[in-house]
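K.L.:
Please find one structure pasted underneath; my questions will follow.
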Amino acid sequence: MMRDLAIAGYADRIKNIPDDRKQAYLDRLATEMDIICSQGFAGYFLIVSDFINWSKRNGIPVGPGRGSGAGSAVAWALGITDLDPLRWGLLFERFINPDRVSLPDFDVDFCQSRRDETIAYVRQKYGEDKVVAIGTHGSWKARSAFSDAARALGIPNGAIHASSQLLSAKDPYSLTETDPEAPGYIPPEVRAHFRKEPALERALTMGEPLQGFVRQHGRHAAGIIIADPDVGDVVPVMRDPGGGDDLVTQYDMKGVESCGLVKFDFLGLKTTTIINEAVQHVRRSSEETASLDILAIPFEDEGVFEMLNKGDCHGIFQLESEGMVKSLKQVRPTCFEDLVAIISLYRPGPMENIPAYANRKNGMEPIQVPHPKLKGLLQETMGIIGSVQGVNASSKP
């Protein structure tokens, strides 16, 4: 079934692809379908495709795709993503690699205010006992263990706060640890503070054995289990700790996956909601824009690049920070690939290559590659491959 739907959907996706390039697209689809089916993931793709396409048909905004799943031609054919992986050089092997078997995981962005409608649809289709939210566990850390014990002893909040700040926020403390280099060691001056007040010392003693134990149960922000058997027959479940009648697993994400259950992400993204509202506003503004299709907006819009070159990026995801605005002004992007490169370079280490990329992009220095065989691979990145141990790899022989 997945093959039939993918082939039909793909035919529509590639109808405008030049004939001399279509075979490469068809080969990619065939290869992916063989891998997906051989690893038993066809059902997963069908379920994700079903609830995403249902959402689109019912006017619920869904993101075009992100993460490694955007590299799948099958996902594009089934309507899970709206990105052409061949056009952008995205690798399917980052999502599903036949040499390293692991469960696929699509990150799907839904309109924040209507995400629950999609989850309700899935529950209605498969059954309340087969669609269950993933639980989370909050455990006692060093400060919270001491603070809760101190509150139980009636110690004033001011004294609790001041004393808890002397403990590590994460590392557990140990009243018996004597090695200054070991985690949990309490320095003499800190011990002295607690020993000044018998109540504080008692709270410290009471709190130590609490560390690491589960303090509270919660619900994963986006993770949902969809299973063939009732989820409660595989892992223990409970009612939503936050209130309501929804079922939640008593195991956390790692626990449910170790039991063979598959996680589906239903992410509520505010940006998706804002973009949808903007599109609706444009459609209502005039007859000429009433049929606006956001997916049909060209990637070569000169007005957009002019705006980015000026640093007018407020509210644009990943482009609005002060450092990113400075990088955009340096590089002066003229195509979508420039934006991909800037976002990829803007992280510790590789960001030292941004000036070189800008100079090569604007003809201020020649493009160099570490080795002639890498020329084709590094053409879009101006010969730059990032950093290697703090050394500019683009100039390394």
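By convention here, the chains of the structure tokens are called A, B, ... in the order presented, each chain's residues are numbered starting at 1, and ligands are numbered starting at 1 in the order presented.
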Using only C-alpha atoms, which residues sit within 10 Å of Thr205 (chain A) once same-chain residues fewer than 3 positions away are excluded, as a list in words?
P.N.:
Ala145, Phe146, Ala149, Ser174, Leu175, Ala199, Leu200, Glu201, Arg202, Glu208, Pro209 and Leu210 of chain A
K.L.:
Find the residues around Pro61 (chain A) up to 12 Å (only C-alpha atoms counted), leave out those fewer than 5 positions away in its own chain, and share them as a CSV table (one decimal) with N, CA and C atoms, in the first residue's frame.
P.N.:
```csv
chain,number,residue,atom,x,y,z
A,52,ILE,N,-1.0,13.7,9.0
A,52,ILE,CA,-0.6,15.0,8.4
A,52,ILE,C,-1.5,15.5,7.3
A,53,ASN,N,-1.8,14.6,6.4
A,53,ASN,CA,-2.7,14.9,5.3
A,53,ASN,C,-4.1,15.2,5.8
A,54,TRP,N,-4.6,14.5,6.9
A,54,TRP,CA,-5.9,14.9,7.5
A,54,TRP,C,-5.9,16.3,8.0
A,55,SER,N,-4.8,16.7,8.7
A,55,SER,CA,-4.6,18.0,9.2
A,55,SER,C,-4.7,19.1,8.1
A,56,LYS,N,-4.0,18.8,7.0
A,56,LYS,CA,-4.0,19.8,5.9
A,56,LYS,C,-5.4,19.9,5.3
A,108,VAL,N,7.3,16.7,13.4
A,108,VAL,CA,6.2,17.4,12.7
A,108,VAL,C,5.7,18.6,13.5
A,109,ASP,N,5.7,19.7,12.8
A,109,ASP,CA,5.3,21.0,13.5
A,109,ASP,C,3.8,21.2,13.1
A,110,PHE,N,3.0,21.4,14.1
A,110,PHE,CA,1.6,21.8,13.9
A,110,PHE,C,1.3,23.1,14.5
A,111,CYS,N,0.3,23.7,14.0
A,111,CYS,CA,-0.2,25.0,14.5
A,111,CYS,C,-0.4,24.8,16.0
A,112,GLN,N,0.1,25.7,16.8
A,112,GLN,CA,0.1,25.5,18.3
A,112,GLN,C,-1.3,25.5,18.8
A,113,SER,N,-2.2,26.2,18.2
A,113,SER,CA,-3.6,26.3,18.8
A,113,SER,C,-4.5,25.2,18.3
A,114,ARG,N,-4.0,24.4,17.3
A,114,ARG,CA,-4.9,23.4,16.7
A,114,ARG,C,-4.3,22.0,16.7
A,115,ARG,N,-3.1,21.9,17.3
A,115,ARG,CA,-2.5,20.6,17.4
A,115,ARG,C,-3.3,19.5,18.1
A,117,GLU,N,-6.4,19.0,17.9
A,117,GLU,CA,-7.4,18.5,17.0
A,117,GLU,C,-6.8,17.2,16.3
A,118,THR,N,-5.6,17.3,15.9
A,118,THR,CA,-4.9,16.2,15.2
A,118,THR,C,-4.8,15.0,16.1
A,267,LEU,N,4.5,18.3,17.5
A,267,LEU,CA,5.1,19.5,18.0
A,267,LEU,C,4.1,20.7,17.8
A,268,GLY,N,3.8,21.5,18.8
A,268,GLY,CA,3.1,22.7,18.6
A,268,GLY,C,4.0,23.8,18.4
A,269,LEU,N,4.1,24.5,17.3
A,269,LEU,CA,5.0,25.5,17.0
A,269,LEU,C,4.3,26.8,16.7
A,270,LYS,N,4.6,27.8,17.6
A,270,LYS,CA,4.0,29.1,17.5
A,270,LYS,C,4.2,29.8,16.1
A,271,THR,N,5.5,29.6,15.6
A,271,THR,CA,5.8,30.2,14.3
A,271,THR,C,4.9,29.7,13.2
A,272,THR,N,4.5,28.4,13.2
A,272,THR,CA,3.6,27.9,12.2
A,272,THR,C,2.2,28.6,12.3
A,273,THR,N,1.8,28.9,13.5
A,273,THR,CA,0.5,29.6,13.7
A,273,THR,C,0.6,31.0,13.2
A,274,ILE,N,1.7,31.7,13.5
A,274,ILE,CA,1.9,33.1,13.0
A,274,ILE,C,1.9,33.2,11.5
A,275,ILE,N,2.7,32.3,10.9
A,275,ILE,CA,2.8,32.2,9.4
A,275,ILE,C,1.4,32.0,8.8
A,276,ASN,N,0.6,31.1,9.4
A,276,ASN,CA,-0.7,30.8,8.8
A,276,ASN,C,-1.6,32.1,8.9
A,277,GLU,N,-1.5,32.8,10.1
A,277,GLU,CA,-2.3,34.0,10.2
A,277,GLU,C,-1.9,35.1,9.2
A,278,ALA,N,-0.6,35.1,9.0
A,278,ALA,CA,-0.1,36.1,8.0
A,278,ALA,C,-0.6,35.8,6.6
A,279,VAL,N,-0.6,34.5,6.2
A,279,VAL,CA,-1.1,34.0,4.9
A,279,VAL,C,-2.6,34.4,4.8
A,280,GLN,N,-3.4,34.1,5.9
A,280,GLN,CA,-4.8,34.4,5.8
A,280,GLN,C,-5.1,35.9,5.7
A,294,ILE,N,1.5,29.5,-0.1
A,294,ILE,CA,2.8,29.8,0.5
A,294,ILE,C,3.9,28.9,0.0
```
K.L.:
Can you build me a table of region 178-234 of chain A residues sitting at most 10 Å from region 245-251 of chain A, with the closest atom pair per residue and its distance in Å to one decimal, using only C-alpha atoms, sorted by chain and residue number, as JSON lines?
P.N.:
```
{"residue": "A:His217", "atom": "CA", "partner": "A:Gln250", "partner_atom": "CA", "distance": 8.1}
{"residue": "A:Gly218", "atom": "CA", "partner": "A:Val248", "partner_atom": "CA", "distance": 8.6}
{"residue": "A:Arg219", "atom": "CA", "partner": "A:Val248", "partner_atom": "CA", "distance": 6.9}
{"residue": "A:His220", "atom": "CA", "partner": "A:Val248", "partner_atom": "CA", "distance": 8.9}
{"residue": "A:Ile224", "atom": "CA", "partner": "A:Val248", "partner_atom": "CA", "distance": 8.9}
{"residue": "A:Ile225", "atom": "CA", "partner": "A:Thr249", "partner_atom": "CA", "distance": 8.7}
{"residue": "A:Val231", "atom": "CA", "partner": "A:Thr249", "partner_atom": "CA", "distance": 8.1}
{"residue": "A:Gly232", "atom": "CA", "partner": "A:Thr249", "partner_atom": "CA", "distance": 7.9}
{"residue": "A:Val234", "atom": "CA", "partner": "A:Thr249", "partner_atom": "CA", "distance": 9.9}
```
K.L.:
For the residues selected in the previous step, produce a file with all heavy atoms as a CSV table (one decimal), in the first residue's frame.
P.N.:
```csv
chain,number,residue,atom,x,y,z
A,217,HIS,N,5.8,13.3,38.5
A,217,HIS,CA,5.4,12.8,37.1
A,217,HIS,C,4.9,13.9,36.3
A,217,HIS,O,4.2,14.8,36.8
A,217,HIS,CB,4.4,11.7,37.2
A,217,HIS,CG,4.9,10.5,38.0
A,217,HIS,ND1,5.7,9.5,37.4
A,217,HIS,CD2,4.7,10.0,39.2
A,217,HIS,CE1,6.0,8.6,38.3
A,217,HIS,NE2,5.4,8.9,39.4
A,218,GLY,N,5.1,13.8,35.0
A,218,GLY,CA,4.6,14.8,34.1
A,218,GLY,C,4.3,14.2,32.7
A,218,GLY,O,4.2,13.0,32.6
A,219,ARG,N,4.1,15.0,31.8
A,219,ARG,CA,3.7,14.6,30.4
A,219,ARG,C,4.6,15.2,29.4
A,219,ARG,O,4.8,16.4,29.4
A,219,ARG,CB,2.2,15.0,30.2
A,219,ARG,CG,1.7,14.7,28.8
A,219,ARG,CD,0.2,15.1,28.7
A,219,ARG,NE,-0.2,14.9,27.3
A,219,ARG,CZ,-1.5,14.9,27.0
A,219,ARG,NH1,-2.4,15.0,27.9
A,219,ARG,NH2,-1.9,14.7,25.7
A,220,HIS,N,5.1,14.4,28.5
A,220,HIS,CA,6.0,14.9,27.4
A,220,HIS,C,5.2,15.9,26.6
A,220,HIS,O,4.1,15.8,26.3
A,220,HIS,CB,6.4,13.7,26.6
A,220,HIS,CG,7.6,14.0,25.7
A,220,HIS,ND1,7.4,14.7,24.5
A,220,HIS,CD2,8.9,13.7,25.7
A,220,HIS,CE1,8.6,14.8,23.9
A,220,HIS,NE2,9.5,14.2,24.6
A,224,ILE,N,3.9,11.1,21.6
A,224,ILE,CA,2.7,10.3,21.7
A,224,ILE,C,3.1,8.9,21.2
A,224,ILE,O,3.8,8.7,20.2
A,224,ILE,CB,1.6,10.8,20.8
A,224,ILE,CG1,1.2,12.3,21.2
A,224,ILE,CG2,0.3,9.9,20.8
A,224,ILE,CD1,0.4,12.3,22.5
A,225,ILE,N,2.6,7.9,21.9
A,225,ILE,CA,2.7,6.5,21.5
A,225,ILE,C,1.5,6.0,20.7
A,225,ILE,O,0.4,6.3,21.2
A,225,ILE,CB,2.9,5.5,22.7
A,225,ILE,CG1,4.2,5.9,23.4
A,225,ILE,CG2,2.9,4.1,22.3
A,225,ILE,CD1,5.5,5.6,22.6
A,231,VAL,N,-1.7,0.1,24.7
A,231,VAL,CA,-0.4,0.5,25.3
A,231,VAL,C,-0.3,0.0,26.7
A,231,VAL,O,0.8,-0.4,27.2
A,231,VAL,CB,-0.3,2.1,25.3
A,231,VAL,CG1,1.0,2.5,26.0
A,231,VAL,CG2,-0.3,2.6,23.8
A,232,GLY,N,-1.4,0.0,27.5
A,232,GLY,CA,-1.4,-0.5,28.8
A,232,GLY,C,-1.1,-2.0,29.0
A,232,GLY,O,-0.7,-2.5,30.0
A,234,VAL,N,1.5,-3.2,27.3
A,234,VAL,CA,2.9,-3.3,27.1
A,234,VAL,C,3.7,-2.6,28.2
A,234,VAL,O,4.7,-3.1,28.7
A,234,VAL,CB,3.3,-2.7,25.8
A,234,VAL,CG1,4.8,-2.8,25.5
A,234,VAL,CG2,2.5,-3.3,24.6
```
K.L.:
Write out as a ChimeraX atom specification each polymer residue whose atoms come within 12 Å of region 26-32 of chain A, counting only C-alpha atoms; drop sequence neighbours fewer than 2 positions from it.
P.N.:
/A:2-11,13-15,17,19-24,34-39,41-42,45,71-78,84-86,89-93,95-98
K.L.:
Would you mind reading off the distance between CA of Cys259 (chain A) and CA of Ala227 (chain A), one decimal, in Å?
P.N.:
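Interatomic distance here is 11.5 Å.
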K.L.:
Can you tell me, as a PyMOL selection string, what residues are no more than 9 Å from Trp140 (chain A) when counting only C-alpha atoms, ignoring any on the same chain fewer than 4 positions away?
P.N.:
chain A and resi 144-146+207+210-216
K.L.:
Quick one: of A:Gly43, A:Pro333, A:Gly223, A:Gly349, who's nearest to Asp107 (chain A), counting only C-alpha atoms?
P.N.:
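Nearest to Asp107 (chain A): A:Gly223.
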K.L.:
Counting only C-alpha atoms, figure out which residue out of A:Leu166, A:His137, A:Ala222, A:Thr176 gets nearest to Lys263 (chain A).
P.N.:
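Comparing A:Leu166, A:His137, A:Ala222, A:Thr176 against Lys263 (chain A), the winner is A:Ala222.
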K.L.:
Find the residues near region 326-331 of chain A: any atom within 12 Å, counting only C-alpha atoms, skip ones fewer than 6 places away on the same chain, and give them as an NGL selection string.
P.N.:
:A and (305-313 or 318-320 or 337-347 or 351-364 or 381-382)
K.L.:
If you keep N, CA, C and O atoms, can you produce a file of those selected residues as a compact mmCIF listing (two decimals), in the first residue's frame?
P.N.:
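The resulting selection_9.txt:
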```txt
# COMPACT_ATOMS: atom_id res chain seq x y z
N PHE A 305 15.89 38.83 -0.09
CA PHE A 305 17.33 38.91 0.12
C PHE A 305 17.77 40.35 0.39
O PHE A 305 18.70 40.58 1.18
N GLU A 306 17.10 41.30 -0.22
CA GLU A 306 17.41 42.71 0.07
C GLU A 306 17.11 43.03 1.53
O GLU A 306 17.88 43.72 2.21
N MET A 307 16.01 42.52 2.03
CA MET A 307 15.63 42.71 3.43
C MET A 307 16.66 42.07 4.37
O MET A 307 17.10 42.69 5.36
N LEU A 308 17.09 40.85 4.05
CA LEU A 308 18.06 40.15 4.89
C LEU A 308 19.42 40.84 4.87
O LEU A 308 20.10 40.93 5.90
N ASN A 309 19.82 41.35 3.71
CA ASN A 309 21.10 42.04 3.61
C ASN A 309 21.15 43.31 4.45
O ASN A 309 22.21 43.74 4.90
N LYS A 310 19.99 43.90 4.67
CA LYS A 310 19.91 45.09 5.53
C LYS A 310 19.86 44.73 7.01
O LYS A 310 19.94 45.61 7.87
N GLY A 311 19.68 43.45 7.30
CA GLY A 311 19.58 43.03 8.70
C GLY A 311 18.19 43.14 9.26
O GLY A 311 18.01 43.12 10.49
N ASP A 312 17.18 43.26 8.40
CA ASP A 312 15.78 43.35 8.87
C ASP A 312 15.26 41.93 9.12
O ASP A 312 14.52 41.36 8.30
N CYS A 313 15.68 41.35 10.24
CA CYS A 313 15.41 39.93 10.49
C CYS A 313 14.62 39.69 11.77
O CYS A 313 14.54 38.56 12.25
N GLN A 318 15.97 31.68 13.60
CA GLN A 318 17.39 31.42 13.41
C GLN A 318 18.15 32.56 12.75
O GLN A 318 19.37 32.46 12.58
N LEU A 319 17.50 33.64 12.39
CA LEU A 319 18.20 34.73 11.72
C LEU A 319 18.14 36.05 12.48
O LEU A 319 18.71 37.05 12.02
N GLU A 320 17.50 36.07 13.64
CA GLU A 320 17.24 37.37 14.28
C GLU A 320 18.26 37.76 15.34
O GLU A 320 18.20 38.89 15.84
N GLU A 337 20.83 28.87 -0.92
CA GLU A 337 22.00 28.11 -0.49
C GLU A 337 22.91 28.94 0.42
O GLU A 337 23.56 28.39 1.31
N ASP A 338 22.95 30.27 0.21
CA ASP A 338 23.74 31.12 1.10
C ASP A 338 23.19 31.09 2.52
O ASP A 338 23.94 31.08 3.49
N LEU A 339 21.87 31.07 2.64
CA LEU A 339 21.25 31.02 3.96
C LEU A 339 21.55 29.69 4.65
O LEU A 339 21.81 29.64 5.85
N VAL A 340 21.52 28.61 3.88
CA VAL A 340 21.87 27.29 4.43
C VAL A 340 23.29 27.31 4.96
O VAL A 340 23.57 26.82 6.06
N ALA A 341 24.19 27.90 4.19
CA ALA A 341 25.60 27.94 4.59
C ALA A 341 25.79 28.79 5.84
O ALA A 341 26.53 28.40 6.76
N ILE A 342 25.13 29.94 5.90
CA ILE A 342 25.29 30.82 7.06
C ILE A 342 24.79 30.14 8.33
O ILE A 342 25.45 30.17 9.38
N ILE A 343 23.62 29.53 8.25
CA ILE A 343 23.06 28.86 9.43
C ILE A 343 23.96 27.69 9.85
O ILE A 343 24.14 27.43 11.05
N SER A 344 24.53 27.00 8.87
CA SER A 344 25.42 25.87 9.18
C SER A 344 26.72 26.34 9.81
O SER A 344 27.27 25.69 10.70
N LEU A 345 27.22 27.48 9.36
CA LEU A 345 28.49 27.99 9.87
C LEU A 345 28.34 28.69 11.21
O LEU A 345 29.30 28.77 11.99
N TYR A 346 27.14 29.18 11.49
CA TYR A 346 26.96 30.00 12.70
C TYR A 346 26.82 29.11 13.93
O TYR A 346 25.73 28.92 14.47
N ARG A 347 27.93 28.55 14.36
CA ARG A 347 28.00 27.75 15.57
C ARG A 347 29.46 27.71 16.00
O ARG A 347 30.36 27.96 15.19
N MET A 351 32.06 28.98 12.88
CA MET A 351 31.74 30.39 12.64
C MET A 351 32.98 31.22 12.34
O MET A 351 32.87 32.32 11.79
N GLU A 352 34.17 30.71 12.67
CA GLU A 352 35.38 31.46 12.34
C GLU A 352 35.59 31.53 10.83
O GLU A 352 36.40 32.34 10.35
N ASN A 353 34.87 30.70 10.08
CA ASN A 353 34.99 30.70 8.62
C ASN A 353 34.00 31.63 7.93
O ASN A 353 34.02 31.74 6.71
N ILE A 354 33.13 32.30 8.69
CA ILE A 354 32.14 33.19 8.08
C ILE A 354 32.81 34.32 7.30
O ILE A 354 32.41 34.62 6.17
N PRO A 355 33.84 35.00 7.85
CA PRO A 355 34.50 36.06 7.05
C PRO A 355 35.07 35.53 5.74
O PRO A 355 34.96 36.19 4.70
N ALA A 356 35.67 34.32 5.79
CA ALA A 356 36.24 33.75 4.56
C ALA A 356 35.13 33.44 3.56
O ALA A 356 35.28 33.70 2.35
N TYR A 357 34.02 32.90 4.05
CA TYR A 357 32.90 32.61 3.15
C TYR A 357 32.37 33.90 2.52
O TYR A 357 32.10 33.95 1.32
N ALA A 358 32.26 34.96 3.34
CA ALA A 358 31.77 36.25 2.83
C ALA A 358 32.71 36.81 1.77
O ALA A 358 32.27 37.30 0.72
N ASN A 359 34.02 36.74 2.03
CA ASN A 359 34.99 37.29 1.07
C ASN A 359 34.95 36.51 -0.24
O ASN A 359 35.03 37.09 -1.32
N ARG A 360 34.87 35.19 -0.16
CA ARG A 360 34.83 34.37 -1.38
C ARG A 360 33.51 34.57 -2.12
O ARG A 360 33.48 34.62 -3.35
N LYS A 361 32.45 34.70 -1.37
CA LYS A 361 31.14 34.90 -1.97
C LYS A 361 31.10 36.20 -2.77
O LYS A 361 30.51 36.27 -3.86
N ASN A 362 31.76 37.22 -2.25
CA ASN A 362 31.71 38.54 -2.88
C ASN A 362 32.96 38.85 -3.71
O ASN A 362 33.22 40.02 -4.04
N GLY A 363 33.74 37.81 -4.06
CA GLY A 363 34.86 37.98 -4.97
C GLY A 363 36.06 38.70 -4.41
O GLY A 363 36.90 39.20 -5.16
N MET A 364 36.18 38.75 -3.07
CA MET A 364 37.29 39.48 -2.46
C MET A 364 38.50 38.59 -2.21
O MET A 364 39.58 39.07 -1.86
N THR A 381 29.73 25.74 -0.95
CA THR A 381 30.20 26.34 0.30
C THR A 381 31.48 27.13 0.12
O THR A 381 32.19 27.41 1.07
N MET A 382 31.78 27.50 -1.11
CA MET A 382 32.96 28.30 -1.42
C MET A 382 34.25 27.63 -0.96
O MET A 382 35.22 28.28 -0.58
```
K.L.:
Out of region 37-166 of chain A, which residues get helix (DSSP H, G or I) from DSSP, as JSON, numbers by chain?
P.N.:
{"A": [37, 38, 42, 43, 44, 45, 46, 47, 48, 49, 50, 51, 52, 53, 54, 55, 56, 57, 68, 69, 70, 71, 73, 74, 75, 76, 77, 92, 93, 94, 115, 116, 117, 118, 119, 120, 121, 122, 123, 124, 125, 126, 142, 143, 144, 145, 146, 147, 148, 149, 150, 151, 152, 157, 158, 159, 160, 161, 162, 163, 164]}
K.L.:
Return as a PyMOL selection string the full set of residues in region 114-312 of chain A whose backbone-based DSSP assignment is strand (DSSP E).
P.N.:
chain A and resi 131-139+214-226+237-239+247-249+263-269
K.L.:
Have a look at CA of Ser164 (chain A) and CA of Val190 (chain A) and let me know their distance in Å, one decimal.
P.N.:
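We find that CA of Ser164 (chain A) and CA of Val190 (chain A) lie 10.4 Å from each other.
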K.L.:
Could you give me, as a PyMOL selection string, the residues within 10 Å of region 159-162 of chain A, counting only C-alpha atoms and dropping anything in the same chain fewer than 3 positions from it?
P.N.:
chain A and resi 143+146-151+154-156+165-167+200+203
K.L.:
Go ahead and write the selection's residues with C-alpha atoms as a PDB file, in the first residue's frame.
P.N.:
```pdb
ATOM      1  CA  ARG A 143      19.174  21.626  45.694  1.00  0.00           C
ATOM      2  CA  PHE A 146      17.693  19.756  50.466  1.00  0.00           C
ATOM      3  CA  SER A 147      15.000  22.401  49.873  1.00  0.00           C
ATOM      4  CA  ASP A 148      12.093  19.953  50.133  1.00  0.00           C
ATOM      5  CA  ALA A 149      13.512  18.436  53.320  1.00  0.00           C
ATOM      6  CA  ALA A 150      14.045  21.920  54.754  1.00  0.00           C
ATOM      7  CA  ARG A 151      10.466  22.949  53.955  1.00  0.00           C
ATOM      8  CA  GLY A 154       9.519  24.382  58.672  1.00  0.00           C
ATOM      9  CA  ILE A 155      12.704  26.304  57.878  1.00  0.00           C
ATOM     10  CA  PRO A 156      11.953  29.820  56.507  1.00  0.00           C
ATOM     11  CA  GLN A 165      22.652  28.127  46.521  1.00  0.00           C
ATOM     12  CA  LEU A 166      25.757  26.713  48.214  1.00  0.00           C
ATOM     13  CA  LEU A 167      25.010  23.285  46.722  1.00  0.00           C
ATOM     14  CA  LEU A 200      19.869  23.110  58.299  1.00  0.00           C
ATOM     15  CA  ALA A 203      17.650  19.003  56.355  1.00  0.00           C
TER      16      ALA A 203
END
```
K.L.:
What is the CA of Lys170 (chain A)-CA of Ala142 (chain A) distance in Å, reported with one decimal?
P.N.:
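Between CA of Lys170 (chain A) and CA of Ala142 (chain A) the gap is 6.2 Å.
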K.L.:
For Asp171 (chain A), which of A:Arg195, A:Glu380, A:Lys141, A:Pro104 is the closest residue, counting only C-alpha atoms?
P.N.:
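Residue with the minimum atom-to-atom distance to Asp171 (chain A): A:Lys141.
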